[in-house]
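Data from model-v5.cif: mmCIF, C-alpha atoms and all ligand atoms
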data_model
loop_
_atom_site.label_atom_id
_atom_site.label_comp_id
_atom_site.auth_asym_id
_atom_site.auth_seq_id
_atom_site.Cartn_x
_atom_site.Cartn_y
_atom_site.Cartn_z
CA MET A 606 216.76 133.15 -17.80
CA ALA A 607 217.18 129.45 -17.67
CA GLY A 608 214.41 127.93 -19.76
CA LEU A 609 214.10 126.99 -23.40
CA ARG A 610 212.17 125.00 -25.95
CA ILE A 611 214.22 122.70 -28.14
CA PRO A 612 213.72 123.73 -31.78
CA ASP A 613 211.61 121.44 -34.02
CA THR A 614 210.27 119.67 -30.95
CA PRO A 615 207.52 120.09 -28.38
CA ILE A 616 210.12 119.68 -25.59
CA ALA A 617 210.27 122.51 -23.06
CA VAL A 618 212.98 122.43 -20.41
CA ASP A 619 212.61 124.68 -17.35
CA TYR A 620 210.32 126.84 -19.49
CA TRP A 621 206.87 127.62 -18.17
CA ASN A 622 205.56 130.44 -20.31
CA ILE A 623 202.72 128.34 -21.65
CA LYS A 624 201.33 131.13 -23.82
CA GLN A 625 204.52 131.10 -25.86
CA LEU A 626 204.50 127.34 -26.42
CA PRO A 627 202.67 124.86 -28.65
CA ALA A 628 199.72 123.05 -27.12
CA ASN A 629 200.57 119.64 -25.67
CA CYS A 630 204.18 120.47 -24.99
CA LEU A 631 206.21 118.07 -22.91
CA PHE A 632 207.58 119.84 -19.84
CA PHE A 633 210.82 118.87 -18.12
CA LEU A 634 212.27 120.37 -14.95
CA THR A 635 216.00 119.94 -14.37
CA HIS A 636 216.03 121.03 -10.69
CA ALA A 637 214.25 123.13 -8.11
CA HIS A 638 216.30 126.32 -7.96
CA SER A 639 214.10 129.40 -8.11
CA ASP A 640 215.35 130.71 -11.45
CA HIS A 641 214.23 127.45 -13.08
CA LEU A 642 210.75 127.66 -11.57
CA ASN A 643 209.70 131.10 -12.80
CA GLY A 644 206.11 130.75 -13.99
CA LEU A 645 205.28 127.61 -12.01
CA SER A 646 202.52 127.92 -9.44
CA SER A 647 199.66 126.02 -7.85
CA SER A 648 197.55 126.73 -10.95
CA TRP A 649 199.89 124.79 -13.23
CA SER A 650 197.94 122.06 -15.06
CA CYS A 651 200.31 120.09 -17.34
CA PRO A 652 202.43 117.05 -16.47
CA ILE A 653 206.03 117.83 -15.47
CA TYR A 654 208.81 115.27 -15.83
CA CYS A 655 211.49 115.48 -13.14
CA THR A 656 213.34 113.38 -10.58
CA PRO A 657 211.56 112.22 -7.41
CA THR A 658 213.50 114.68 -5.21
CA THR A 659 212.74 117.61 -7.50
CA ALA A 660 209.08 116.55 -7.52
CA LYS A 661 208.93 116.80 -3.72
CA LEU A 662 210.66 120.18 -3.75
CA VAL A 663 208.50 121.73 -6.45
CA GLU A 664 205.42 120.56 -4.63
CA LEU A 665 206.70 122.26 -1.49
CA ARG A 666 208.05 125.42 -3.12
CA ARG A 667 205.46 126.08 -5.83
CA HIS A 668 202.50 124.00 -4.61
CA VAL A 669 202.25 122.20 -7.94
CA ARG A 670 199.79 119.31 -7.65
CA SER A 671 201.60 116.04 -7.00
CA SER A 672 199.41 114.25 -9.56
CA LEU A 673 201.09 116.31 -12.30
CA LEU A 674 204.64 115.41 -11.30
CA VAL A 675 205.93 112.45 -13.31
CA GLU A 676 209.03 111.00 -11.69
CA LEU A 677 212.03 109.93 -13.74
CA GLU A 678 214.66 107.87 -11.95
CA TYR A 679 218.29 108.49 -12.82
CA ASP A 680 219.69 106.40 -15.68
CA GLN A 681 216.38 104.75 -16.55
CA SER A 682 215.23 105.47 -20.09
CA THR A 683 211.54 106.22 -20.47
CA ILE A 684 209.43 106.66 -23.58
CA VAL A 685 207.12 109.65 -23.44
CA TYR A 686 204.64 110.52 -26.17
CA ALA A 687 204.11 113.89 -27.75
CA ASP A 688 200.43 114.22 -28.67
CA GLY A 689 200.49 116.05 -31.95
CA HIS A 690 197.69 116.86 -34.32
CA GLY A 691 196.38 113.45 -35.40
CA GLY A 692 199.03 111.21 -33.90
CA ARG A 693 201.42 110.40 -31.06
CA VAL A 694 205.16 110.58 -31.47
CA PRO A 695 207.52 108.71 -29.13
CA ILE A 696 210.52 110.40 -27.53
CA THR A 697 212.97 108.61 -25.25
CA VAL A 698 214.25 110.53 -22.26
CA THR A 699 216.84 109.61 -19.66
CA ALA A 700 217.57 111.65 -16.53
CA ILE A 701 221.24 111.71 -15.52
CA ASP A 702 222.55 113.02 -12.19
CA ALA A 703 223.83 116.57 -12.80
CA HIS A 704 225.67 116.79 -9.43
CA HIS A 705 224.45 120.35 -9.01
CA CYS A 706 221.98 120.20 -6.12
CA PRO A 707 219.69 117.55 -4.61
CA GLY A 708 217.52 116.05 -7.35
CA SER A 709 219.22 117.88 -10.22
CA ALA A 710 219.23 116.18 -13.61
CA MET A 711 220.46 116.42 -17.14
CA PHE A 712 218.03 115.11 -19.75
CA LEU A 713 219.11 113.04 -22.72
CA PHE A 714 216.42 113.11 -25.43
CA GLU A 715 216.35 110.69 -28.35
CA GLY A 716 213.82 110.78 -31.17
CA TYR A 717 213.10 111.84 -34.75
CA PHE A 718 215.30 114.92 -34.15
CA GLY A 719 218.38 112.86 -33.30
CA THR A 720 220.00 112.95 -29.85
CA VAL A 721 219.95 116.06 -27.70
CA LEU A 722 221.41 116.54 -24.22
CA HIS A 723 220.21 119.35 -21.98
CA THR A 724 222.62 119.57 -19.05
CA GLY A 725 220.58 121.91 -16.86
CA ASP A 726 222.92 123.39 -14.26
CA PHE A 727 225.70 120.96 -13.45
CA ARG A 728 229.07 120.51 -11.79
CA LEU A 729 231.49 118.09 -13.34
CA HIS A 730 231.84 114.80 -11.50
CA PRO A 731 234.04 111.86 -12.57
CA LEU A 732 230.90 109.76 -13.05
CA LEU A 733 229.79 112.13 -15.81
CA LEU A 734 233.04 111.60 -17.70
CA HIS A 735 232.52 107.86 -17.72
CA HIS A 736 228.76 107.67 -18.12
CA ASP A 737 227.69 105.04 -20.68
CA LEU A 738 225.10 107.33 -22.25
CA LEU A 739 227.38 110.35 -22.55
CA SER A 740 230.66 109.10 -23.94
CA GLY A 741 231.89 106.31 -26.18
CA ARG A 742 228.53 106.14 -27.93
CA LYS A 743 226.94 107.37 -31.11
CA ALA A 744 227.56 111.12 -31.27
CA ILE A 745 225.15 113.42 -29.52
CA ASP A 746 223.87 115.97 -32.02
CA VAL A 747 223.36 118.93 -29.73
CA VAL A 748 224.36 119.67 -26.15
CA TYR A 749 222.60 122.55 -24.42
CA ILE A 750 225.23 123.32 -21.84
CA ASP A 751 225.31 125.15 -18.51
CA ASN A 752 227.18 128.23 -19.68
CA THR A 753 227.05 130.07 -16.34
CA TYR A 754 230.84 130.15 -16.12
CA CYS A 755 231.75 129.64 -19.78
CA HIS A 756 234.64 132.05 -19.83
CA PRO A 757 238.39 131.51 -19.31
CA SER A 758 238.31 133.93 -16.37
CA CYS A 759 236.01 131.56 -14.45
CA VAL A 760 238.54 129.62 -12.44
CA PHE A 761 237.74 128.15 -9.04
CA PRO A 762 238.64 125.13 -6.93
CA SER A 763 236.81 121.83 -6.57
CA ARG A 764 233.88 121.69 -4.16
CA GLU A 765 235.95 119.44 -1.92
CA ALA A 766 238.77 121.99 -1.64
CA ALA A 767 236.41 124.94 -1.20
CA GLY A 768 234.32 122.99 1.32
CA ASP A 769 237.41 122.12 3.38
CA LYS A 770 238.29 125.79 3.47
CA VAL A 771 234.81 126.69 4.74
CA VAL A 772 235.05 124.01 7.44
CA LYS A 773 238.44 125.28 8.62
CA LEU A 774 237.24 128.88 8.76
CA VAL A 775 234.11 128.01 10.73
CA GLN A 776 236.07 125.70 13.03
CA SER A 777 238.54 128.37 14.00
CA ALA A 778 235.99 131.19 14.27
CA MET A 779 233.29 129.41 16.26
CA THR A 780 235.34 129.27 19.45
CA ASP A 781 234.91 132.97 20.12
CA HIS A 782 232.75 134.39 17.29
CA GLU A 783 229.11 134.29 16.31
CA VAL A 784 229.32 132.64 12.87
CA PHE A 785 226.96 133.24 9.94
CA ILE A 786 226.99 131.14 6.76
CA GLY A 787 225.23 132.85 3.84
CA VAL A 788 223.74 130.43 1.31
CA PRO A 789 220.60 130.21 -0.88
CA LEU A 790 217.53 128.66 0.67
CA PHE A 791 218.16 125.41 -1.18
CA GLY A 792 221.08 123.69 -2.85
CA LYS A 793 224.07 123.74 -0.51
CA GLU A 794 222.86 121.13 1.96
CA ASP A 795 225.84 118.83 1.45
CA LEU A 796 228.22 121.61 2.41
CA LEU A 797 226.17 122.55 5.47
CA VAL A 798 226.03 118.95 6.67
CA MET A 799 229.79 118.64 6.20
CA VAL A 800 230.38 121.81 8.22
CA ALA A 801 228.11 120.60 11.02
CA GLN A 802 229.64 117.14 11.17
CA LYS A 803 233.29 118.16 10.88
CA CYS A 804 232.93 121.07 13.30
CA ARG A 805 230.68 118.99 15.58
CA VAL A 806 228.21 121.82 15.93
CA TRP A 807 224.48 122.38 15.43
CA LEU A 808 223.55 124.80 12.68
CA SER A 809 220.57 127.09 13.28
CA VAL A 810 218.26 127.55 10.29
CA SER A 811 214.98 129.29 9.55
CA PRO A 812 211.73 127.31 9.70
CA ASN A 813 211.47 127.63 5.88
CA ARG A 814 214.88 126.07 5.41
CA MET A 815 214.06 123.37 7.95
CA GLU A 816 211.01 122.37 5.86
CA ILE A 817 213.25 121.80 2.85
CA LEU A 818 215.83 119.93 4.91
CA GLN A 819 213.10 117.62 6.15
CA VAL A 820 211.88 116.95 2.61
CA LEU A 821 215.48 116.08 1.69
CA GLN A 822 215.76 113.87 4.78
CA SER A 823 218.98 115.62 5.72
CA PRO A 824 220.99 114.37 8.74
CA ASN A 825 219.88 115.65 12.12
CA VAL A 826 222.38 118.48 12.49
CA PHE A 827 220.02 121.45 12.14
CA THR A 828 217.92 123.35 14.64
CA ILE A 829 215.49 126.25 14.46
CA ASP A 830 216.48 127.30 18.00
CA ARG A 831 219.07 130.04 17.41
CA ASP A 832 220.05 130.15 21.08
CA THR A 833 221.47 126.63 21.12
CA THR A 834 224.38 127.34 18.78
CA ARG A 835 226.80 130.02 17.65
CA VAL A 836 226.72 128.95 14.00
CA HIS A 837 223.78 130.21 11.96
CA VAL A 838 222.73 129.59 8.36
CA VAL A 839 221.21 132.68 6.74
CA LEU A 840 220.06 133.62 3.25
CA VAL A 841 222.96 134.88 1.19
CA ASN A 842 221.12 138.06 0.29
CA GLU A 843 220.59 138.87 3.95
CA ILE A 844 224.27 139.65 4.13
CA THR A 845 225.03 143.32 3.72
CA PRO A 846 227.68 145.40 5.46
CA GLN A 847 224.92 147.15 7.42
CA ARG A 848 223.43 143.86 8.57
CA VAL A 849 226.85 142.58 9.61
CA ASP A 850 227.49 145.78 11.57
CA LYS A 851 224.19 145.23 13.38
CA TRP A 852 225.24 141.67 14.24
CA ILE A 853 228.51 143.06 15.58
CA ASP A 854 226.55 145.46 17.80
CA GLN A 855 224.43 142.55 18.98
CA TYR A 856 227.00 139.77 19.42
CA GLY A 857 230.42 141.43 19.58
CA LYS A 858 232.76 139.22 17.57
CA VAL A 859 231.17 138.11 14.29
CA PHE A 860 232.47 136.03 11.40
CA VAL A 861 230.54 135.74 8.12
CA VAL A 862 231.34 133.29 5.34
CA MET A 863 229.70 133.25 1.91
CA PRO A 864 230.43 130.02 -0.03
CA THR A 865 229.75 131.20 -3.56
CA SER A 866 231.54 131.48 -6.88
CA ARG A 867 229.16 133.99 -8.36
CA HIS A 868 231.80 136.69 -8.32
CA CYS A 869 234.39 134.64 -10.22
CA GLY A 870 235.32 136.35 -13.44
CA VAL A 871 233.50 139.52 -12.46
CA GLY A 872 236.74 141.27 -11.59
CA SER A 873 236.18 142.27 -7.99
CA LEU A 874 234.71 140.80 -4.86
CA PRO A 875 232.04 142.67 -2.95
CA PHE A 876 232.67 143.17 0.76
CA ASN A 877 236.39 142.49 0.27
CA SER A 878 237.28 145.35 2.51
CA HIS A 879 234.82 144.32 5.23
CA PRO A 880 236.99 142.54 7.78
CA ASN A 881 234.19 140.28 9.02
CA ILE A 882 233.05 138.86 5.66
CA THR A 883 234.89 136.14 3.74
CA ILE A 884 233.85 134.79 0.34
CA ILE A 885 234.92 131.26 -0.59
CA PRO A 886 234.47 130.24 -4.25
CA TYR A 887 232.35 127.15 -3.61
CA SER A 888 230.52 126.37 -6.86
CA ASP A 889 227.75 124.03 -7.90
CA HIS A 890 228.44 124.91 -11.53
CA CYS A 891 231.36 123.85 -13.72
CA SER A 892 234.41 126.03 -14.00
CA PHE A 893 235.49 126.90 -17.54
CA SER A 894 238.08 124.11 -17.65
CA GLU A 895 235.52 121.58 -16.41
CA LEU A 896 233.14 122.61 -19.19
CA LYS A 897 235.88 121.94 -21.72
CA SER A 898 236.63 118.54 -20.15
CA PHE A 899 232.95 117.64 -20.33
CA VAL A 900 232.62 118.63 -23.99
CA THR A 901 235.83 116.77 -24.80
CA SER A 902 234.43 113.65 -23.18
CA VAL A 903 230.95 113.86 -24.74
CA HIS A 904 232.30 114.97 -28.13
CA PRO A 905 228.97 116.24 -29.49
CA ARG A 906 228.32 117.72 -32.92
CA SER A 907 227.33 121.09 -31.55
CA VAL A 908 227.05 122.99 -28.27
CA ARG A 909 224.57 125.73 -27.45
CA PRO A 910 224.12 127.74 -24.28
CA ASN A 911 221.20 126.99 -21.99
CA VAL A 912 221.37 130.15 -19.88
CA SER A 913 220.39 133.08 -22.05
CA ARG A 914 222.09 135.90 -20.21
CA CYS A 915 225.42 134.29 -19.30
CA HIS A 916 228.62 133.86 -21.29
CA GLY A 917 227.26 132.67 -24.64
CA ASN A 918 230.38 132.25 -26.75
CA MET A 919 230.40 128.60 -27.80
CA ASP A 920 233.47 129.02 -30.03
CA TYR A 921 235.57 127.86 -27.10
CA PHE A 922 234.34 124.35 -27.86
CA SER A 923 234.68 124.31 -31.63
CA GLU A 924 237.87 122.24 -31.66
CA LEU A 925 236.34 119.69 -29.33
CA LEU A 926 233.35 118.81 -31.50
CA ASP A 927 232.56 115.87 -33.75
CA HIS A 928 232.53 117.46 -37.18
CA THR A 929 230.73 114.66 -38.98
CA PRO A 930 227.32 115.88 -40.16
CA SER A 931 224.14 115.04 -38.27
CA GLU A 932 221.64 112.83 -40.02
CA GLU A 933 218.92 114.89 -41.61
CA TYR A 934 215.51 114.39 -40.07
CA THR A 935 211.92 115.02 -40.98
CA ILE A 936 209.58 116.41 -38.38
CA PRO A 937 206.64 113.98 -38.09
CA LEU A 938 203.46 115.50 -39.48
CA PRO A 939 201.54 115.56 -36.14
CA ILE A 940 204.40 117.53 -34.56
CA LYS A 941 204.88 119.75 -37.57
CA THR A 942 201.19 120.69 -37.52
CA MET A 943 201.35 121.33 -33.78
CA LEU A 944 204.36 123.61 -34.10
CA THR A 945 202.98 125.47 -37.12
CA CYS A 946 199.66 126.14 -35.37
CA SER A 947 201.44 127.45 -32.29
CA GLU A 948 203.64 129.81 -34.28
CA SER A 949 200.63 131.50 -35.88
CA ALA A 950 198.78 131.54 -32.54
CA THR A 951 201.64 133.17 -30.62
CA SER A 952 202.79 135.66 -33.20
CA VAL A 953 201.06 138.62 -31.52
CA PRO A 954 203.90 141.12 -31.16
CA GLY A 955 204.82 142.77 -27.92
CA ARG A 956 202.84 140.43 -25.74
CA LEU A 957 205.43 140.28 -22.99
CA ARG A 958 207.10 143.58 -23.63
CA LYS A 959 203.88 145.44 -23.00
CA ARG A 960 204.18 144.61 -19.33
CA HIS A 961 207.52 146.43 -19.24
CA SER A 962 206.12 149.57 -20.72
CA SER A 963 207.32 151.61 -17.74
CA LEU A 964 210.90 150.42 -18.29
CA PRO A 965 213.30 151.79 -20.86
CA THR A 966 213.75 149.88 -24.13
CA GLN A 967 215.48 146.55 -23.64
CA ARG A 968 218.40 145.40 -25.72
CA LYS A 969 217.25 142.77 -28.16
CA ARG A 970 218.82 139.39 -27.42
CA LYS A 971 220.72 137.71 -30.21
CA SER A 972 218.89 134.68 -31.48
CA GLN A 973 220.62 131.40 -30.64
CA GLY A 974 218.06 129.29 -32.46
CA VAL A 975 216.52 128.57 -29.09
CA GLU A 976 213.40 129.91 -27.49
CA PHE A 977 214.57 131.18 -24.12
CA ASP A 978 212.47 132.21 -21.19
CA ASP A 979 212.31 135.90 -21.94
CA GLN A 980 213.14 137.44 -18.59
CA PRO A 981 215.09 140.67 -18.82
CA HIS A 982 218.53 140.90 -17.30
CA PRO A 983 219.17 143.90 -15.10
CA SER A 984 222.17 144.98 -17.10
CA ASP A 985 220.05 145.04 -20.24
CA ALA A 986 218.34 148.24 -19.23
CA ALA A 987 218.46 150.92 -16.64
CA VAL A 988 216.04 150.67 -13.76
CA ASP A 989 214.30 153.96 -13.39
CA SER A 990 214.68 154.35 -9.69
CA GLY A 991 215.75 157.88 -9.12
CA ASN A 992 218.77 157.94 -6.86
CA GLN A 993 218.24 154.53 -5.28
CA LEU A 994 219.29 151.94 -7.85
CA HIS A 995 221.35 151.87 -10.96
CA PRO A 996 221.78 148.95 -13.37
CA SER A 997 225.37 148.50 -12.31
CA SER A 998 224.19 148.01 -8.75
CA LEU A 999 222.16 144.93 -9.59
CA TYR A 1000 223.72 141.56 -9.95
CA SER A 1001 221.94 138.35 -10.69
CA HIS A 1002 222.94 134.74 -10.71
CA SER A 1003 221.38 131.67 -12.15
CA ASP A 1004 221.09 129.77 -8.88
CA GLU A 1005 218.62 132.24 -7.49
CA LEU A 1006 217.36 135.70 -8.09
CA TYR A 1007 219.98 137.57 -6.21
CA PHE A 1008 220.30 141.28 -5.87
CA GLN A 1009 223.33 143.07 -4.65
CA ILE A 1010 223.26 146.77 -4.03
CA SER A 1011 226.79 148.02 -4.47
CA ARG A 1012 228.56 149.35 -1.43
CA ASN A 1013 228.57 152.70 -3.10
CA HIS A 1014 224.79 152.73 -3.10
CA LEU A 1015 224.50 151.21 0.33
CA SER A 1016 226.37 154.16 1.68
CA LYS A 1017 223.59 156.38 0.38
CA ILE A 1018 220.70 154.46 1.84
CA ASP A 1019 219.75 153.25 5.24
CA GLY A 1020 220.23 149.48 5.43
CA LEU A 1021 216.94 147.85 4.62
CA GLY A 1022 214.89 150.82 5.71
CA SER A 1023 212.09 152.41 3.75
CA ALA A 1024 214.25 154.01 1.08
CA SER A 1025 216.02 150.81 0.14
CA HIS A 1026 212.78 148.91 0.49
CA ASP A 1027 211.35 150.85 -2.45
CA ALA A 1028 214.46 150.06 -4.43
CA TRP A 1029 214.16 146.36 -3.69
CA ILE A 1030 210.53 146.38 -4.75
CA MET A 1031 211.51 147.94 -8.06
CA ALA A 1032 214.13 145.27 -8.54
CA LEU A 1033 211.64 142.56 -7.72
CA ASN A 1034 209.06 143.97 -10.13
CA TYR A 1035 211.71 144.17 -12.76
CA PHE A 1036 212.62 140.52 -12.45
CA THR A 1037 209.20 139.00 -12.02
CA ASN A 1038 207.14 141.29 -14.27
CA GLN A 1039 204.61 141.27 -11.50
CA PRO A 1040 203.50 144.26 -9.49
CA HIS A 1041 203.93 143.67 -5.76
CA PRO A 1042 203.33 147.12 -4.38
CA GLN A 1043 202.08 145.92 -1.01
CA ILE A 1044 204.79 143.51 0.00
CA ASN A 1045 207.18 144.18 2.81
CA THR A 1046 210.85 143.28 3.05
CA ASN A 1047 210.26 139.84 4.52
CA ASP A 1048 207.67 139.07 1.87
CA TRP A 1049 209.94 139.80 -1.03
CA LEU A 1050 212.54 137.50 0.44
CA GLN A 1051 209.88 134.80 0.40
CA LEU A 1052 209.01 135.60 -3.21
CA LEU A 1053 212.61 135.40 -4.28
CA TYR A 1054 213.20 132.07 -2.60
ZN ZN B 1101 220.70 125.73 -10.26
#
In structure tokens, how does this file's structure come out?
Amino acid sequence: MAGLRIPDTPIAVDYWNIKQLPANCLFFLTHAHSDHLNGLSSSWSCPIYCTPTTAKLVELRRHVRSSLLVELEYDQSTIVYADGHGGRVPITVTAIDAHHCPGSAMFLFEGYFGTVLHTGDFRLHPLLLHHDLLSGRKAIDVVYIDNTYCHPSCVFPSREAAGDKVVKLVQSAMTDHEVFIGVPLFGKEDLLVMVAQKCRVWLSVSPNRMEILQVLQSPNVFTIDRDTTRVHVVLVNEITPQRVDKWIDQYGKVFVVMPTSRHCGVGSLPFNSHPNITIIPYSDHCSFSELKSFVTSVHPRSVRPNVSRCHGNMDYFSELLDHTPSEEYTIPLPIKTMLTCSESATSVPGRLRKRHSSLPTQRKRKSQGVEFDDQPHPSDAAVDSGNQLHPSSLYSHSDELYFQISRNHLSKIDGLGSASHDAWIMALNYFTNQPHPQINTNDWLQLLY
């Protein structure tokens, strides 16, 4: 979904499928959202370059050994060495604040291949438009850009405007409603703190979320005691019409807000006829116009998508590029040998696909000249689930693995009872390629987050 190896280099960004990579790859992690961690676990054994905050989070969330986590401070260039066959090749890397979630980074790589920027997920911030390393410098050859919302239909307000709206809604509802805020387990802490401070209210959170908040040293506005407040933070995928109806039975007046832009450009909002649920387009990714502003400012020679299954049309940027040719480069022999060896070693066909043998044939992804993490997208193939799930009923987003059963399907199944449980398990298997036949509903939530 969100990982790739940069061509002609041993640089892997958010890509952990070690069997598909050359030996001695250099691994970089842009941030600690789940969809960028697929494949990382306690058994990981290679160094990972990331920011100090991301290092703490990945240690907590994936139990990666701390000795493997190499911290890169923002805006400090570091030389790392690729150990090729018979020699070491220097590569300079600089982490730049991506303003996406705590610890998130872009990586600027400089070496024999020229200059390459991988943005990871990011939201445009004025500092990015005036960053010394990104604009007014020698042209960047390639930008791998966060293409999550790279489509003209993806229009949404600034985080400040959307956040103010969330605050106002919570403020007016909390006087006589039980309030639920649906967000991913990690990444929207700034918004939550703002809500707590402006509404002068404690926010109840799960013990899991509290662990993350403590790692982030968030302000003391959260509690795990649900009874001390009427404003509760819940996982976004806990919110279903059935669940909300149960809350109404339990509490009486209920107000639910989902600060997310994931439905922008999709054409319709889920739950829009449920009177108790409000969606506010609060985004940690760039809108389409912000992407264009960023590319205009950086003025690179080329732009490629870094999220394989999102809007991949880069023609939108063609008029904004530097059309002078890149300098030709020669791949140093140690690296060339390393890459050649790995290609012959990993050319066994069907290695990954075999594990999907129970699924229908998947649509072949168009090559972008980039080696993406080869996770299937739900819309690429039907999920054989009898009458419980249909591909159109699954929706995923790059911030987290997120499943949404359409209201149409929810009407046919019983909340999160046994029937839908089977459907969720199929969805989970589909995304992770791992069989989890024994897990229960709570367990799969843990696996997803
Ligand atoms: Zn993210």
Close residues to ligand ZN 1101 (chain B) using only C-alpha atoms and all ligand atoms, limit 12 Å, as a compact mmCIF listing (two decimals) with C-alpha atoms, in the coordinates of the input:
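Final output, out_20.txt:
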# COMPACT_ATOMS: atom_id res chain seq x y z
CA MET A 606 216.76 133.15 -17.80
CA ALA A 607 217.18 129.45 -17.67
CA GLY A 608 214.41 127.93 -19.76
CA ASP A 619 212.61 124.68 -17.35
CA LEU A 634 212.27 120.37 -14.95
CA THR A 635 216.00 119.94 -14.37
CA HIS A 636 216.03 121.03 -10.69
CA ALA A 637 214.25 123.13 -8.11
CA HIS A 638 216.30 126.32 -7.96
CA SER A 639 214.10 129.40 -8.11
CA ASP A 640 215.35 130.71 -11.45
CA HIS A 641 214.23 127.45 -13.08
CA LEU A 642 210.75 127.66 -11.57
CA THR A 659 212.74 117.61 -7.50
CA ALA A 703 223.83 116.57 -12.80
CA HIS A 704 225.67 116.79 -9.43
CA HIS A 705 224.45 120.35 -9.01
CA CYS A 706 221.98 120.20 -6.12
CA PRO A 707 219.69 117.55 -4.61
CA GLY A 708 217.52 116.05 -7.35
CA SER A 709 219.22 117.88 -10.22
CA ALA A 710 219.23 116.18 -13.61
CA MET A 711 220.46 116.42 -17.14
CA THR A 724 222.62 119.57 -19.05
CA GLY A 725 220.58 121.91 -16.86
CA ASP A 726 222.92 123.39 -14.26
CA PHE A 727 225.70 120.96 -13.45
CA ARG A 728 229.07 120.51 -11.79
CA ASP A 751 225.31 125.15 -18.51
CA ASN A 752 227.18 128.23 -19.68
CA THR A 753 227.05 130.07 -16.34
CA PRO A 789 220.60 130.21 -0.88
CA LEU A 790 217.53 128.66 0.67
CA PHE A 791 218.16 125.41 -1.18
CA GLY A 792 221.08 123.69 -2.85
CA LYS A 793 224.07 123.74 -0.51
CA ARG A 867 229.16 133.99 -8.36
CA SER A 888 230.52 126.37 -6.86
CA ASP A 889 227.75 124.03 -7.90
CA HIS A 890 228.44 124.91 -11.53
CA CYS A 891 231.36 123.85 -13.72
CA ASN A 911 221.20 126.99 -21.99
CA VAL A 912 221.37 130.15 -19.88
CA HIS A 1002 222.94 134.74 -10.71
CA SER A 1003 221.38 131.67 -12.15
CA ASP A 1004 221.09 129.77 -8.88
CA GLU A 1005 218.62 132.24 -7.49
CA LEU A 1006 217.36 135.70 -8.09
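The interatomic distance for the pair CA of Thr656 in chain A and CA of Val839 in chain A works out to 27.1 Å.
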One-decimal distance in Å that lies between CA of Gln681 in chain A and CA of Asp927 in chain A: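 Interatomic distance here is 26.1 Å.
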Name the residues, using the chain letters and numbers of the file, that sit within 8 Å of (198.6, 125.1, -9.7) when counting only C-alpha atoms, and give them as a PDB file with C-alpha atoms, in the frame of the given file.
ATOM      1  CA  LEU A 645     205.280 127.610 -12.010  1.00  0.00           C
ATOM      2  CA  SER A 646     202.520 127.920  -9.440  1.00  0.00           C
ATOM      3  CA  SER A 647     199.660 126.020  -7.850  1.00  0.00           C
ATOM      4  CA  SER A 648     197.550 126.730 -10.950  1.00  0.00           C
ATOM      5  CA  TRP A 649     199.890 124.790 -13.230  1.00  0.00           C
ATOM      6  CA  SER A 650     197.940 122.060 -15.060  1.00  0.00           C
ATOM      7  CA  ARG A 667     205.460 126.080  -5.830  1.00  0.00           C
ATOM      8  CA  HIS A 668     202.500 124.000  -4.610  1.00  0.00           C
ATOM      9  CA  VAL A 669     202.250 122.200  -7.940  1.00  0.00           C
ATOM     10  CA  ARG A 670     199.790 119.310  -7.650  1.00  0.00           C
TER      11      ARG A 670
END
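Of the residues listed (A:Ala687, A:Val903, A:Ile623, A:Ile829), A:Val903 shows the shortest atom-to-atom separation from Lys743 in chain A; distances use all atoms listed in the file.
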In Å to one decimal, how far is CA of Arg831 in chain A from CA of Glu843 in chain A?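 Straight-line distance from CA of Glu843 in chain A to CA of Arg831 in chain A works out to 16.2 Å.
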With a distance cut-off of 12 Å and only C-alpha atoms, select the neighbouring residues of Gly691 in chain A, excluding the residue or stretch itself and same-chain residues fewer than 3 positions from it, and output the selection as a list in words. Ala687, Asp688, Val694, Pro937, Leu938, Pro939, Ile940, Lys941, Thr942 and Met943 of chain A
List the neighbours of Lys773 in chain A out to 12 Å using all atoms listed in the file; skip same-chain residues closer than 4 positions along the sequence, and give me the result as an NGL selection string. :A and (766-769 or 777-780 or 799-801 or 803-804 or 862 or 885)
Between A:Gln802, A:Ile653, A:Leu713, A:His837, which has the minimum distance to Ser672 in chain A (counting all atoms listed in the file)? A:Ile653
In terms of only C-alpha atoms, the residue from A:Glu816, A:Ser811, A:Val836, A:Arg742 at minimal distance from Val772 in chain A is A:Val836
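Using all atoms listed in the file for every distance, the candidate list A:Val685, A:Val721, A:Gln819, A:Arg610 yields A:Arg610 as the residue closest to Gln625 in chain A.
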Option closest in space to Leu739 in chain A, from A:Phe893, A:Phe714, A:Phe876, A:Tyr754 [counting only C-alpha atoms]: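 Between A:Phe893, A:Phe714, A:Phe876, A:Tyr754, the residue approaching Leu739 in chain A most closely is A:Phe714.
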Which is closest to Thr699 in chain A among A:Tyr717, A:Asp737, A:Leu796, A:Asn918, if we use only C-alpha atoms?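 Checking each of A:Tyr717, A:Asp737, A:Leu796, A:Asn918 against Thr699 in chain A, counting only C-alpha atoms, the winner is A:Asp737.
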At a cut-off of 12 Å, using only C-alpha atoms, what residues contact Ala744 in chain A? Leave out same-chain residues fewer than 3 positions from it and give the result as a list in words.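 Listing them by chain and then by number gives Glu715, Gly719, Thr720, Val721, Leu722, Leu738, Leu739, Ser740, Gly741, Val747, Val748, Val900, Thr901, Ser902, Val903, His904, Pro905, Arg906, Ser907, Leu926, Asp927, His928, Thr929, Pro930, Ser931 and Glu932 of chain A.
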Restricted to C-alpha atoms, what does range 839-844 of chain A look like when written out as a compact mmCIF listing (two decimals), in the first residue's frame?
# COMPACT_ATOMS: atom_id res chain seq x y z
CA VAL A 839 -13.28 5.86 20.29
CA LEU A 840 -11.76 4.08 17.31
CA VAL A 841 -13.22 5.38 14.08
CA ASN A 842 -14.13 1.90 12.93
CA GLU A 843 -16.12 1.30 16.09
CA ILE A 844 -18.68 3.69 14.73
